[in-house]
>>> print(open('target08.txt').read())   # compact mmCIF, C-alpha atoms and all ligand atoms
# COMPACT_ATOMS: atom_id res chain seq x y z
CA MET A 1 3.18 6.66 160.02
CA LYS A 2 0.34 5.73 162.33
CA ARG A 3 -3.17 6.03 160.98
CA VAL A 4 -5.78 8.22 162.67
CA PHE A 5 -9.55 8.06 162.13
CA SER A 6 -12.35 10.04 163.71
CA GLY A 7 -15.85 11.23 162.93
CA VAL A 8 -18.33 13.95 163.79
CA GLN A 9 -22.09 13.79 163.25
CA PRO A 10 -23.59 16.38 160.91
CA THR A 11 -26.25 17.41 163.38
CA GLY A 12 -25.64 21.15 163.72
CA ASN A 13 -24.37 23.35 166.53
CA ILE A 14 -20.79 22.05 166.68
CA HIS A 15 -19.74 23.40 170.06
CA LEU A 16 -16.73 24.06 172.26
CA GLY A 17 -17.01 20.54 173.73
CA ASN A 18 -16.72 18.97 170.29
CA TYR A 19 -13.85 21.31 169.46
CA LEU A 20 -11.80 20.97 172.65
CA GLY A 21 -12.51 17.25 173.10
CA ALA A 22 -12.03 16.08 169.52
CA LEU A 23 -11.60 18.54 166.65
CA LYS A 24 -8.58 20.32 168.09
CA GLN A 25 -6.78 16.98 168.22
CA PHE A 26 -7.62 16.39 164.54
CA VAL A 27 -5.55 19.44 163.58
CA GLU A 28 -2.64 18.61 165.91
CA LEU A 29 -2.32 15.06 164.60
CA GLN A 30 -2.20 15.77 160.89
CA ASN A 31 1.47 16.71 160.68
CA ASP A 32 2.89 13.39 161.75
CA HIS A 33 0.05 10.93 161.15
CA GLU A 34 -2.01 9.72 158.24
CA CYS A 35 -5.37 11.22 159.15
CA ILE A 36 -8.86 10.35 157.96
CA TYR A 37 -11.73 12.54 159.15
CA CYS A 38 -15.27 11.53 158.44
CA ILE A 39 -18.66 13.24 158.55
CA VAL A 40 -20.81 10.42 159.88
CA ASP A 41 -24.18 11.01 158.23
CA GLU A 42 -25.26 7.37 158.65
CA HIS A 43 -24.89 7.82 162.41
CA ALA A 44 -27.02 10.95 162.26
CA ILE A 45 -30.04 9.02 160.93
CA THR A 46 -30.22 6.83 164.06
CA VAL A 47 -32.62 9.58 165.14
CA PRO A 48 -35.08 11.29 162.76
CA GLN A 49 -33.52 13.97 160.53
CA ASP A 50 -34.95 16.43 158.06
CA PRO A 51 -33.33 15.38 154.74
CA LYS A 52 -32.71 18.95 153.53
CA GLU A 53 -31.20 19.96 156.85
CA LEU A 54 -29.01 16.87 156.97
CA ARG A 55 -27.53 17.70 153.54
CA ARG A 56 -26.90 21.25 154.72
CA HIS A 57 -25.29 20.11 157.96
CA ILE A 58 -22.95 17.76 156.08
CA LEU A 59 -21.47 20.76 154.26
CA ASP A 60 -21.49 22.82 157.47
CA VAL A 61 -19.29 20.27 159.22
CA ALA A 62 -17.04 19.90 156.16
CA ALA A 63 -16.53 23.68 156.11
CA LEU A 64 -15.83 23.68 159.85
CA TYR A 65 -13.24 20.93 159.43
CA LEU A 66 -11.41 23.17 156.98
CA ALA A 67 -12.02 26.35 159.00
CA ILE A 68 -10.34 24.97 162.13
CA GLY A 69 -7.27 24.07 160.09
CA ILE A 70 -7.67 20.55 158.76
CA ASP A 71 -5.68 20.59 155.52
CA PRO A 72 -7.15 18.43 152.74
CA LYS A 73 -3.65 18.05 151.28
CA LYS A 74 -2.54 16.31 154.47
CA SER A 75 -5.75 14.68 155.68
CA ILE A 76 -8.63 12.86 154.04
CA ILE A 77 -12.02 14.51 154.64
CA PHE A 78 -15.11 12.66 153.42
CA VAL A 79 -18.74 11.74 154.04
CA GLN A 80 -19.43 8.29 155.50
CA SER A 81 -22.30 7.32 153.15
CA GLN A 82 -20.02 7.93 150.13
CA VAL A 83 -17.96 4.87 151.05
CA SER A 84 -20.14 1.76 151.05
CA GLY A 85 -17.70 -0.26 153.18
CA HIS A 86 -18.99 1.41 156.37
CA ALA A 87 -22.47 -0.05 156.07
CA GLU A 88 -21.16 -3.36 154.73
CA LEU A 89 -18.65 -3.87 157.53
CA GLY A 90 -21.24 -2.60 160.01
CA TRP A 91 -23.41 -5.60 159.14
CA VAL A 92 -20.56 -8.09 159.51
CA LEU A 93 -19.71 -6.63 162.93
CA CYS A 94 -23.38 -6.68 163.98
CA CYS A 95 -23.30 -10.42 163.42
CA ASN A 96 -20.36 -10.59 165.83
CA SER A 97 -21.68 -8.44 168.65
CA TYR A 98 -24.22 -9.13 171.37
CA THR A 99 -27.41 -7.29 172.29
CA GLY A 100 -26.28 -7.57 175.93
CA GLU A 101 -23.07 -5.58 175.43
CA LEU A 102 -24.82 -3.01 173.22
CA SER A 103 -27.68 -2.40 175.64
CA ARG A 104 -25.12 -1.70 178.39
CA MET A 105 -23.69 1.32 176.52
CA THR A 106 -24.23 4.55 178.47
CA GLN A 107 -25.06 6.57 175.35
CA PHE A 108 -27.70 4.01 174.32
CA LYS A 109 -29.26 4.09 177.77
CA ALA A 110 -29.29 7.90 177.74
CA LYS A 111 -30.79 8.20 174.25
CA SER A 112 -33.33 5.40 174.61
CA GLY A 113 -34.37 6.03 178.21
CA GLY A 114 -38.04 6.78 178.79
CA LYS A 115 -38.99 6.13 175.13
CA GLU A 116 -41.87 3.83 174.26
CA SER A 117 -40.23 2.45 171.15
CA VAL A 118 -36.51 2.53 170.42
CA GLY A 119 -35.05 2.33 166.91
CA THR A 120 -32.65 -0.56 166.26
CA GLY A 121 -30.12 1.95 164.88
CA LEU A 122 -29.71 3.49 168.32
CA LEU A 123 -28.71 0.09 169.70
CA THR A 124 -26.33 -0.77 166.86
CA TYR A 125 -24.89 2.77 166.63
CA PRO A 126 -21.58 1.81 168.31
CA VAL A 127 -21.18 -1.17 165.96
CA LEU A 128 -21.30 1.18 162.98
CA MET A 129 -18.74 3.33 164.79
CA ALA A 130 -16.55 0.24 165.22
CA ALA A 131 -16.92 -0.41 161.48
CA ASP A 132 -15.82 3.18 160.69
CA ILE A 133 -12.67 2.66 162.69
CA LEU A 134 -11.77 -0.92 161.74
CA LEU A 135 -12.42 -0.31 158.01
CA TYR A 136 -9.20 1.74 157.82
CA ASP A 137 -6.82 -0.36 159.94
CA THR A 138 -6.86 2.60 162.33
CA ASP A 139 -4.23 2.91 165.08
CA ILE A 140 -5.50 6.00 166.91
CA VAL A 141 -8.99 7.46 167.45
CA PRO A 142 -9.07 11.03 168.83
CA VAL A 143 -12.40 11.56 170.64
CA GLY A 144 -13.98 13.08 173.74
CA ASN A 145 -14.30 11.11 176.97
CA ASP A 146 -17.93 10.22 176.30
CA GLN A 147 -16.74 7.88 173.51
CA LYS A 148 -14.40 5.84 175.72
CA GLN A 149 -16.90 3.02 176.12
CA HIS A 150 -17.47 2.84 172.35
CA ILE A 151 -13.71 2.58 171.73
CA GLU A 152 -13.53 -0.27 174.26
CA LEU A 153 -16.35 -2.04 172.43
CA THR A 154 -14.53 -1.54 169.10
CA ARG A 155 -11.44 -3.15 170.59
CA ASP A 156 -13.48 -6.04 172.02
CA ILE A 157 -15.13 -6.76 168.66
CA ALA A 158 -11.79 -6.56 166.80
CA ILE A 159 -10.08 -8.92 169.24
CA ARG A 160 -13.06 -11.29 169.19
CA ILE A 161 -12.96 -11.55 165.38
CA ASN A 162 -9.15 -11.81 165.27
CA ASN A 163 -9.35 -14.73 167.71
CA LYS A 164 -12.06 -16.50 165.76
CA TYR A 165 -11.04 -15.85 162.12
CA GLY A 166 -7.31 -15.08 162.41
CA GLU A 167 -5.64 -11.63 162.19
CA THR A 168 -8.27 -9.48 160.47
CA PHE A 169 -8.30 -6.09 162.20
CA VAL A 170 -5.83 -3.64 163.74
CA VAL A 171 -6.86 -3.07 167.38
CA PRO A 172 -7.12 0.73 167.83
CA ASP A 173 -6.46 3.02 170.80
CA GLY A 174 -8.50 6.04 171.84
CA ARG A 175 -6.77 9.40 172.29
CA PHE A 176 -8.16 11.90 174.79
CA MET A 177 -7.23 15.51 175.60
CA LYS A 178 -6.04 16.46 179.05
CA ALA A 179 -8.11 19.58 179.51
CA GLY A 180 -10.85 19.33 176.89
CA ALA A 181 -11.94 15.69 177.08
CA ARG A 182 -15.16 16.48 178.90
CA ILE A 183 -16.55 20.01 178.67
CA MET A 184 -19.67 20.48 180.75
CA ALA A 185 -22.84 22.48 180.02
CA LEU A 186 -22.55 26.11 181.11
CA ASP A 187 -26.01 26.17 182.69
CA ASP A 188 -25.68 22.76 184.36
CA PRO A 189 -22.09 21.63 184.98
CA GLU A 190 -23.28 18.14 185.94
CA GLN A 191 -24.24 17.49 182.29
CA LYS A 192 -21.86 17.40 179.33
CA MET A 193 -22.09 20.26 176.86
CA SER A 194 -24.35 18.94 174.11
CA LYS A 195 -25.66 19.90 170.69
CA SER A 196 -29.16 18.90 171.54
CA ALA A 197 -29.73 20.69 174.89
CA GLU A 198 -32.67 23.07 174.65
CA ASN A 199 -31.02 26.05 176.34
CA ILE A 200 -28.70 27.70 173.78
CA HIS A 201 -26.75 29.25 176.66
CA SER A 202 -25.76 25.77 177.83
CA ARG A 203 -23.20 25.67 175.01
CA ILE A 204 -20.99 27.88 172.89
CA SER A 205 -21.24 26.96 169.25
CA LEU A 206 -18.10 27.55 167.21
CA LEU A 207 -19.97 30.02 165.01
CA ASP A 208 -21.59 32.01 167.84
CA GLU A 209 -21.38 35.81 167.61
CA ASP A 210 -19.19 37.58 170.16
CA SER A 211 -22.29 38.95 171.93
CA LYS A 212 -23.75 35.45 172.33
CA ILE A 213 -20.42 34.10 173.64
CA LYS A 214 -20.39 36.87 176.25
CA LYS A 215 -23.98 36.27 177.31
CA SER A 216 -23.55 32.50 177.67
CA ILE A 217 -20.34 32.72 179.71
CA MET A 218 -21.44 35.61 181.93
CA ARG A 219 -24.58 33.71 182.95
CA ALA A 220 -22.77 30.36 183.45
CA THR A 221 -23.72 28.55 186.65
CA THR A 222 -21.07 28.75 189.40
CA ASP A 223 -21.46 28.55 193.20
CA SER A 224 -21.68 30.92 196.11
CA ASP A 225 -18.34 30.62 197.93
CA GLY A 226 -16.53 32.97 195.55
CA GLU A 227 -13.21 31.13 195.61
CA ILE A 228 -11.49 30.34 192.30
CA ARG A 229 -10.28 26.78 192.79
CA PHE A 230 -10.19 23.66 190.60
CA ASP A 231 -12.43 21.11 192.31
CA PRO A 232 -14.75 19.35 189.83
CA VAL A 233 -16.65 17.50 192.57
CA ASN A 234 -17.49 20.41 194.87
CA LYS A 235 -17.16 23.26 192.39
CA PRO A 236 -18.15 21.83 188.99
CA GLY A 237 -19.15 25.17 187.43
CA VAL A 238 -15.95 27.08 188.23
CA SER A 239 -13.84 24.02 187.40
CA ASN A 240 -15.52 23.77 184.01
CA LEU A 241 -14.72 27.43 183.26
CA LEU A 242 -11.10 26.87 184.29
CA ASN A 243 -10.96 23.78 182.13
CA ILE A 244 -12.27 25.62 179.07
CA TYR A 245 -9.84 28.47 179.74
CA SER A 246 -6.97 26.01 180.01
CA ALA A 247 -7.89 24.10 176.85
CA LEU A 248 -8.27 27.30 174.82
CA SER A 249 -5.18 29.11 176.09
CA GLY A 250 -2.77 26.19 176.52
CA LYS A 251 -2.07 27.38 180.09
CA THR A 252 -2.41 24.94 182.98
CA VAL A 253 -5.15 25.57 185.54
CA ASP A 254 -2.48 26.40 188.14
CA GLU A 255 -0.94 28.98 185.81
CA ILE A 256 -4.34 30.54 185.21
CA ILE A 257 -5.16 30.79 188.93
CA ALA A 258 -1.71 32.14 189.85
CA GLY A 259 -1.47 34.42 186.82
CA GLN A 260 -3.80 37.18 188.01
CA ASN A 261 -5.16 38.81 191.08
CA TRP A 262 -8.69 37.52 190.50
CA ARG A 263 -11.34 39.45 192.38
CA GLY A 264 -14.12 36.97 191.84
CA TYR A 265 -15.97 34.85 189.31
CA GLY A 266 -16.89 37.96 187.29
CA ASP A 267 -13.21 38.56 186.55
CA LEU A 268 -12.65 34.97 185.50
CA LYS A 269 -15.71 35.00 183.26
CA LYS A 270 -14.67 38.26 181.58
CA GLU A 271 -11.23 36.87 180.82
CA LEU A 272 -12.75 33.66 179.50
CA VAL A 273 -15.07 35.66 177.24
CA ALA A 274 -12.01 37.38 175.73
CA VAL A 275 -10.04 34.16 175.31
CA THR A 276 -13.03 32.41 173.69
CA GLN A 277 -13.84 35.27 171.35
CA GLU A 278 -10.21 35.45 170.28
CA ALA A 279 -10.03 31.70 169.59
CA LEU A 280 -13.28 31.59 167.60
CA THR A 281 -12.88 34.74 165.48
CA PRO A 282 -10.47 33.23 162.91
CA ILE A 283 -12.56 30.05 162.71
CA LYS A 284 -15.67 32.07 161.88
CA GLN A 285 -13.82 34.12 159.27
CA ASN A 286 -12.42 31.02 157.57
CA TYR A 287 -15.78 29.30 157.73
CA ASN A 288 -17.64 32.07 155.95
CA GLU A 289 -15.13 32.04 153.11
CA ILE A 290 -15.15 28.26 152.70
CA ARG A 291 -18.81 27.35 153.21
CA GLU A 292 -20.06 28.68 149.87
CA SER A 293 -17.08 27.67 147.76
CA GLU A 294 -17.30 25.04 145.02
CA GLU A 295 -14.02 23.70 146.33
CA LEU A 296 -15.80 22.10 149.29
CA ILE A 297 -17.64 19.52 147.18
CA ARG A 298 -14.48 18.73 145.22
CA ILE A 299 -12.56 18.10 148.44
CA LEU A 300 -15.27 15.75 149.75
CA LYS A 301 -15.46 13.79 146.47
CA ASP A 302 -11.70 13.45 146.31
CA GLY A 303 -11.68 12.44 150.00
CA ALA A 304 -14.26 9.69 149.39
CA GLU A 305 -12.14 8.28 146.56
CA ARG A 306 -9.03 8.24 148.71
CA ALA A 307 -10.91 6.72 151.65
CA ASN A 308 -12.43 4.04 149.43
CA ALA A 309 -8.99 3.10 148.11
CA ILE A 310 -7.92 2.30 151.70
CA ALA A 311 -11.21 0.66 152.70
CA GLU A 312 -11.66 -1.67 149.75
CA PRO A 313 -8.62 -3.94 150.43
CA VAL A 314 -9.68 -4.20 154.08
CA MET A 315 -13.21 -5.17 153.01
CA LYS A 316 -11.74 -7.78 150.66
CA ARG A 317 -9.72 -9.19 153.56
CA VAL A 318 -12.90 -9.36 155.67
CA ARG A 319 -14.92 -11.10 152.92
CA ASP A 320 -12.10 -13.63 152.48
CA LYS A 321 -11.83 -14.35 156.22
CA PHE A 322 -15.58 -14.84 156.55
CA GLY A 323 -16.04 -16.76 153.29
CA LEU A 324 -18.41 -14.17 151.85
CA GLY A 325 -19.01 -14.01 148.10
CA LEU A 326 -16.68 -15.63 145.60
CA LYS A 327 -12.89 -15.96 145.56
P1 LIG A 401 -23.41 15.99 171.42
O1 LIG A 401 -23.41 15.16 172.67
O2 LIG A 401 -22.97 17.37 171.64
O3 LIG A 401 -24.75 15.91 170.72
P2 LIG A 401 -22.13 13.92 170.11
O4 LIG A 401 -21.14 13.31 171.02
O5 LIG A 401 -23.45 13.27 170.09
O6 LIG A 401 -22.30 15.43 170.43
P3 LIG A 401 -20.50 14.19 167.70
O7 LIG A 401 -20.77 15.43 166.97
O8 LIG A 401 -20.33 13.04 166.80
O9 LIG A 401 -21.71 13.85 168.63
O10 LIG A 401 -19.21 14.36 168.61
C1 LIG A 401 -18.00 14.70 168.02
C2 LIG A 401 -16.90 14.57 169.02
O11 LIG A 401 -17.09 15.52 170.08
C3 LIG A 401 -16.78 13.22 169.70
O12 LIG A 401 -15.42 12.83 169.69
C4 LIG A 401 -17.24 13.45 171.11
O13 LIG A 401 -16.60 12.61 172.04
C5 LIG A 401 -16.83 14.89 171.33
N1 LIG A 401 -17.64 15.55 172.36
C6 LIG A 401 -18.99 15.72 172.34
N2 LIG A 401 -19.40 16.42 173.43
C7 LIG A 401 -18.27 16.70 174.15
C8 LIG A 401 -18.02 17.40 175.38
N3 LIG A 401 -19.01 17.96 176.06
N4 LIG A 401 -16.75 17.50 175.82
C9 LIG A 401 -15.72 16.95 175.11
N5 LIG A 401 -15.89 16.28 173.95
C10 LIG A 401 -17.15 16.14 173.46
N1 LIG A 402 -19.96 8.12 168.00
C1 LIG A 402 -19.29 9.37 167.84
C2 LIG A 402 -19.17 9.80 166.40
C3 LIG A 402 -18.45 8.77 165.59
C4 LIG A 402 -17.05 8.46 165.63
C5 LIG A 402 -16.86 7.42 164.68
C6 LIG A 402 -15.99 8.95 166.38
C7 LIG A 402 -19.00 7.92 164.67
N2 LIG A 402 -18.06 7.15 164.12
C8 LIG A 402 -15.60 6.86 164.49
C9 LIG A 402 -14.72 8.37 166.16
C10 LIG A 402 -14.54 7.34 165.23
C11 LIG A 402 -20.08 10.38 168.68
O1 LIG A 402 -21.21 10.20 168.95
N3 LIG A 402 -19.49 11.42 169.06
>>> encode(input="target08.txt", output="structure tokens", more="lines below")
Ligand code: ATP
Ligand code: LTN
Amino acid sequence: MKRVFSGVQPTGNIHLGNYLGALKQFVELQNDHECIYCIVDEHAITVPQDPKELRRHILDVAALYLAIGIDPKKSIIFVQSQVSGHAELGWVLCCNSYTGELSRMTQFKAKSGGKESVGTGLLTYPVLMAADILLYDTDIVPVGNDQKQHIELTRDIAIRINNKYGETFVVPDGRFMKAGARIMALDDPEQKMSKSAENIHSRISLLDEDSKIKKSIMRATTDSDGEIRFDPVNKPGVSNLLNIYSALSGKTVDEIIAGQNWRGYGDLKKELVAVTQEALTPIKQNYNEIRESEELIRILKDGAERANAIAEPVMKRVRDKFGLGLK
């Protein structure tokens, strides 16, 4: 069985972009792959976090993992900082990466742009991500399109070390959804839907009430020609709505357009509201049952043990290849 690894930051507001780009794949993959899903709290602290909130968000994401259908009997779910190999391997990889390649990363440029001082963690963020992946001899990494560059970097670092020290790491592949890989902000379809955007109507969070879902979709930015057509360059707003519809319903964009006698964007938006509400209702119900249960902590502790059992032999291999420590 091929091994799958992915991670989500515990930074609140998990949204439709996260779900359709990444989380939905997590569920699909668990039947015929060995899956490891991480809550990457060490990535979250690359920007300032309130400690109490961070702890809360870790459990929020864990509960969401379960609520969308990740089954802890099939998949490992755990918190990054509970397995020390991530930070340890992160350091080894830092010593084998270059400031030049890291400062070229789009996400780094976006997050550091315009700031007077930039934390080192923001620069080395993708190296820690590479460590997450390589620590488990991962074959497949399901993520959204925005992580493509980081997966490439992970591959480059793995190949570089394999060439220099002999076969050390499995070189992983990214896995991207057809329809959901890049969901755009509802209020500005030139930007990706993001947790941190100020306008709450730019995104739909997985736990949003039906009334909020309706409001956000009905006021989504479109254009003035009134034609329902998939054309991301000239009609990014409408194309984004079609994309979300397609990813949620499993229908192709052509099927959606041909399936009804649409009378305008209002019609499309109303249908999308219904499809979204229907998809999120069971997730919200599951979430509320799971979030307060004692079981959650037990699952995460058990997950960390199972993850560590896979990570430790890989770390030993790395120490041996690099001549670290004692034999
Ligand atoms: P955000 O940009 O919303 O703050 P993020 O990318 O910083 O999110 P994560 O929570 O770690 O942080 O992302 C989890 C997963 O969601 C990643 O695989 C990422 O590629 C994916 N993802 C994030 N935004 C989108 C989007 N708009 N469309 C599709 N996938 C996305
Ligand atoms: N960088 C990712 C989150 C992330 C991740 C990972 C994804 C951290 N470690 C390992 C896949 C595999 C993000 O910002 N979305």
>>> closest_atom_pairs(input="target08.txt", of="chain A", to="ligand LIG 401 (chain A)", cutoff="9 Å", atoms="all atoms listed in the file", output="tab-separated table")
residue	atom	partner	partner_atom	distance
A:Ser6	CA	A:LIG401	O12	7.3
A:Gly7	CA	A:LIG401	O8	6.2
A:Val8	CA	A:LIG401	O8	3.7
A:Gln9	CA	A:LIG401	O8	4.0
A:Pro10	CA	A:LIG401	O7	6.8
A:Thr11	CA	A:LIG401	O7	6.8
A:Gly12	CA	A:LIG401	O7	8.2
A:Asn13	CA	A:LIG401	O2	8.0
A:Ile14	CA	A:LIG401	O7	6.6
A:His15	CA	A:LIG401	O2	7.0
A:Leu16	CA	A:LIG401	N4	7.5
A:Gly17	CA	A:LIG401	C8	3.7
A:Asn18	CA	A:LIG401	O11	3.5
A:Tyr19	CA	A:LIG401	O11	6.7
A:Leu20	CA	A:LIG401	C9	6.1
A:Gly21	CA	A:LIG401	N5	3.6
A:Ala22	CA	A:LIG401	O12	4.7
A:Leu23	CA	A:LIG401	C2	7.0
A:Ile39	CA	A:LIG401	O8	8.4
A:Val40	CA	A:LIG401	O8	7.4
A:His43	CA	A:LIG401	O8	8.2
A:Ala44	CA	A:LIG401	O8	8.4
A:Gln107	CA	A:LIG401	O5	8.7
A:Val141	CA	A:LIG401	O12	8.7
A:Pro142	CA	A:LIG401	O12	6.7
A:Val143	CA	A:LIG401	O12	3.4
A:Gly144	CA	A:LIG401	O13	3.2
A:Asn145	CA	A:LIG401	O13	5.6
A:Asp146	CA	A:LIG401	O13	5.1
A:Gln147	CA	A:LIG401	O13	5.0
A:Lys148	CA	A:LIG401	O13	8.0
A:Phe176	CA	A:LIG401	O13	8.9
A:Met177	CA	A:LIG401	C9	8.6
A:Gly180	CA	A:LIG401	C9	5.7
A:Ala181	CA	A:LIG401	C9	4.4
A:Arg182	CA	A:LIG401	N4	3.6
A:Ile183	CA	A:LIG401	N4	3.8
A:Met184	CA	A:LIG401	N3	5.4
A:Ala185	CA	A:LIG401	N3	7.1
A:Gln191	CA	A:LIG401	N3	8.1
A:Lys192	CA	A:LIG401	N3	4.4
A:Met193	CA	A:LIG401	N3	3.9
A:Ser194	CA	A:LIG401	O2	3.2
A:Lys195	CA	A:LIG401	O2	3.8
A:Ser196	CA	A:LIG401	O3	5.4
A:Ala197	CA	A:LIG401	O3	8.1
A:Arg203	CA	A:LIG401	N3	8.8
>>> atom_distance(input="target08.txt", atom1="CA of Glu34 (chain A)", atom2="CA of Ile140 (chain A)")
10.1 Å
>>> atom_distance(input="target08.txt", atom1="CA of Ser81 (chain A)", atom2="CA of Gly119 (chain A)")
19.4 Å
>>> axis_aligned_box(input="target08.txt", around="ligand LIG 402 (chain A)", padding_each_side="5 Å", output="JSON")
{"center_x": -17.9, "center_y": 9.1, "center_z": 166.6, "size_x": 16.7, "size_y": 14.6, "size_z": 14.9}
>>> closest_residue(input="target08.txt", among="A:Ile244, A:Met105, A:Leu59, A:Leu134", to="Leu122 (chain A)", atoms="only C-alpha atoms")
A:Met105
>>> closest_residue(input="target08.txt", among="A:Leu272, A:Leu123, A:Ala258, A:Leu206", to="Ser246 (chain A)", atoms="all atoms listed in the file")
A:Leu272
>>> residues_around(input="target08.txt", residues="Asp71 (chain A)", least_positions_apart="6", cutoff="10 Å", atoms="only C-alpha atoms", output="list in words")
Val27, Gln30, Asn31, Tyr65 and Ile77 of chain A
